[in-house]
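**Q** Quick one: the structure is below, questions incoming.
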Amino acid sequence: MTTLAAPAMPSLGRQMLNKVPEVTLWFWIIKILCTTVGETFSDYLSDTVGWGLTNTSYVMGAALLVVLAIQFALRRYVPLVYWLAVVLISVVGTNITDNLTDNFGVSLAETTTIFAILLIAWFILWHTVEGTLSIHSIVTTGREAFYWVAILLTFALGTSVGDQVSEQFDLGYLTALWIFAAIIGAIVILHFAFHLNAILSFWLAYIMTRPLGASIGDWLSQSKDDGGLGLGTTNTSLIFLALILALVVYLTISKADRTPPDAT
């Protein structure tokens with residue numbers, strides 16, 4: 001699934017090469033791996049290490065700000081920096097939703113509604129200012145700022161939706177996994193068979209990969225009594241982090257996910 005390029009429009013910030021990867025199969029594989037780590041690594045730090053949700057949120061939030069500062073300083077897409085930012089933003093997005101539900105008593109239905117409204121409003125603002133939501137056009141600091149805020153909101157929303165389906169609706173992790181996989185499959189069919197708008201298809205699939213990855217992570221890491229395979233958050237996080245690193249190294253060497261210059 002790819003996004004259509006859009007004509008360049010005046011925008012805030014300096015002009016750069018496109019700052020995000022080409023949407024290929026590699027993109028979706030690493031994205032799902034990152035969302036899985038976002039769920040399991042957050043649980044690992046807060047529960048296994050014993051930092052607690054609040055301290056985990058502070059540490060991961062600070063780490064994300066540092067990596068995003070490096071990402072914004074770059075003038076082109078660098079796989080290691082970009083995907084490290086996605087891993088961290090996955091953890092932070094999870095923490096935001098968990099803090100609202102666990103520490104402030106906001107229901108999952110309310111967080112789902114809140115983040116859905118915020119994301120739609122952000123997309124409207126982004127399109128109003130920039131004239132496009134295509135990730136092939138992240139060539140200025142202004143567009144990059146819109147992009148990363150949208151990514152954070154998709155992770156927070158995806159966490160809410162995933163927890164609601166697997167826990168509040170009591171469907172279990174494996175059932176939730178298949179539900180979200182089926183939804184993504186339906187989006188793919190609508191895009192390729194019925195020509196659903198490419199940019200809309202991309203963002204719908206992007207949102208749904210968050211609860212899909214979280215369901216995979218919970219299914220692998222949680223105990224068998226809770227409906228999981230019992231690998232634990234430590235083992236699951238290490239396995240997926242290793243896979244992400246291996247793929248990022250491959251993409252750094254092969255440059256298989258670089259956006260063609262004419263696409264921007």
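Letters A, B, ... mark the chains of the structure tokens in the order given; residue numbers begin at 1 per chain; ligand numbers begin at 1, in order shown.
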Kindly assemble as CSV a list of the region 112-160 of chain A residues that lie within 9 Å of region 199-202 of chain A, each paired with its nearest atom pair and their distance in Å to one decimal, using only C-alpha atoms, sorted first by chain and then by ascending residue number.
**A**
residue,atom,partner,partner_atom,distance
A:Leu133,CA,A:Ile199,CA,6.9
A:Ser134,CA,A:Ile199,CA,6.0
A:Ile135,CA,A:Ile199,CA,8.3
**Q** Just the selected residues (C-alpha atoms), exported as a PDB file, in the first residue's frame, please.
**A**
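To be explicit, this is the file written out as result-v5.pdb:
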ATOM      1  CA  LEU A 133      -1.449  14.307   4.156  1.00  0.00           C
ATOM      2  CA  SER A 134       0.890  12.315   1.928  1.00  0.00           C
ATOM      3  CA  ILE A 135       3.988  10.988   3.666  1.00  0.00           C
TER       4      ILE A 135
END
**Q** Kindly indicate which residue among A:Thr259, A:Thr159, A:Thr141, A:Thr154 lies nearest to Gly213 (chain A), using only C-alpha atoms for the distances.
**A** A:Thr159
**Q** Can you tell me, as a list in words, what residues are no more than 9 Å from Ala85 (chain A) when counting only C-alpha atoms, ignoring any on the same chain fewer than 5 positions away?
**A**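 Contacts, with the query itself left out: Ala63, Leu64, Leu65, Val67, Leu68, Gln71, Leu80 and Ser90 of chain A.
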**Q** May I have the residues from that selection written out with N, CA and C atoms, as a PDB file, in the first residue's frame?
**A**
ATOM      1  N   ALA A  63      13.540  10.336  26.503  1.00  0.00           N
ATOM      2  CA  ALA A  63      14.307   9.685  25.433  1.00  0.00           C
ATOM      3  C   ALA A  63      13.720  10.018  24.066  1.00  0.00           C
ATOM      4  N   LEU A  64      12.397  10.050  23.974  1.00  0.00           N
ATOM      5  CA  LEU A  64      11.741  10.385  22.708  1.00  0.00           C
ATOM      6  C   LEU A  64      12.081  11.799  22.272  1.00  0.00           C
ATOM      7  N   LEU A  65      12.075  12.754  23.193  1.00  0.00           N
ATOM      8  CA  LEU A  65      12.395  14.136  22.850  1.00  0.00           C
ATOM      9  C   LEU A  65      13.812  14.255  22.304  1.00  0.00           C
ATOM     10  N   VAL A  67      15.607  11.842  20.778  1.00  0.00           N
ATOM     11  CA  VAL A  67      15.689  11.210  19.458  1.00  0.00           C
ATOM     12  C   VAL A  67      14.973  12.060  18.409  1.00  0.00           C
ATOM     13  N   LEU A  68      13.842  12.656  18.764  1.00  0.00           N
ATOM     14  CA  LEU A  68      13.132  13.511  17.817  1.00  0.00           C
ATOM     15  C   LEU A  68      13.956  14.758  17.490  1.00  0.00           C
ATOM     16  N   GLN A  71      16.254  13.583  14.949  1.00  0.00           N
ATOM     17  CA  GLN A  71      15.504  13.358  13.709  1.00  0.00           C
ATOM     18  C   GLN A  71      15.213  14.669  12.978  1.00  0.00           C
ATOM     19  N   LEU A  80      17.997   4.205  11.132  1.00  0.00           N
ATOM     20  CA  LEU A  80      18.190   3.935  12.551  1.00  0.00           C
ATOM     21  C   LEU A  80      17.507   4.979  13.423  1.00  0.00           C
ATOM     22  N   SER A  90       5.977   4.651  20.162  1.00  0.00           N
ATOM     23  CA  SER A  90       5.044   3.566  20.449  1.00  0.00           C
ATOM     24  C   SER A  90       4.908   3.356  21.953  1.00  0.00           C
TER      25      SER A  90
END
**Q** Per DSSP on the backbone, what are the alpha helix (DSSP H) residues of region 74-244 of chain A, as JSON, numbers by chain?
**A** {"A": [79, 80, 81, 82, 83, 84, 85, 86, 87, 88, 89, 90, 91, 92, 93, 94, 95, 96, 97, 98, 108, 109, 110, 111, 112, 113, 114, 115, 116, 117, 118, 119, 120, 121, 122, 123, 124, 125, 126, 127, 128, 129, 130, 141, 142, 143, 144, 145, 146, 147, 148, 149, 150, 151, 152, 153, 154, 155, 156, 157, 158, 159, 160, 161, 162, 163, 173, 174, 175, 176, 177, 178, 179, 180, 181, 182, 183, 184, 185, 186, 187, 188, 189, 190, 191, 192, 193, 194, 198, 199, 200, 201, 202, 203, 204, 205, 206, 207, 208, 209, 210, 211, 212, 213, 214, 215, 216, 217, 218, 219, 220, 221, 232, 233, 234, 235, 236, 237, 238, 239, 240, 241, 242, 243, 244]}
**Q** Which residue gives the smallest distance to Thr113 (chain A) among A:Ile253, A:Ala246, A:Leu25, A:Leu153, with only C-alpha atoms counted?
**A**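 Distance minimum relative to Thr113 (chain A) lands on A:Leu153.
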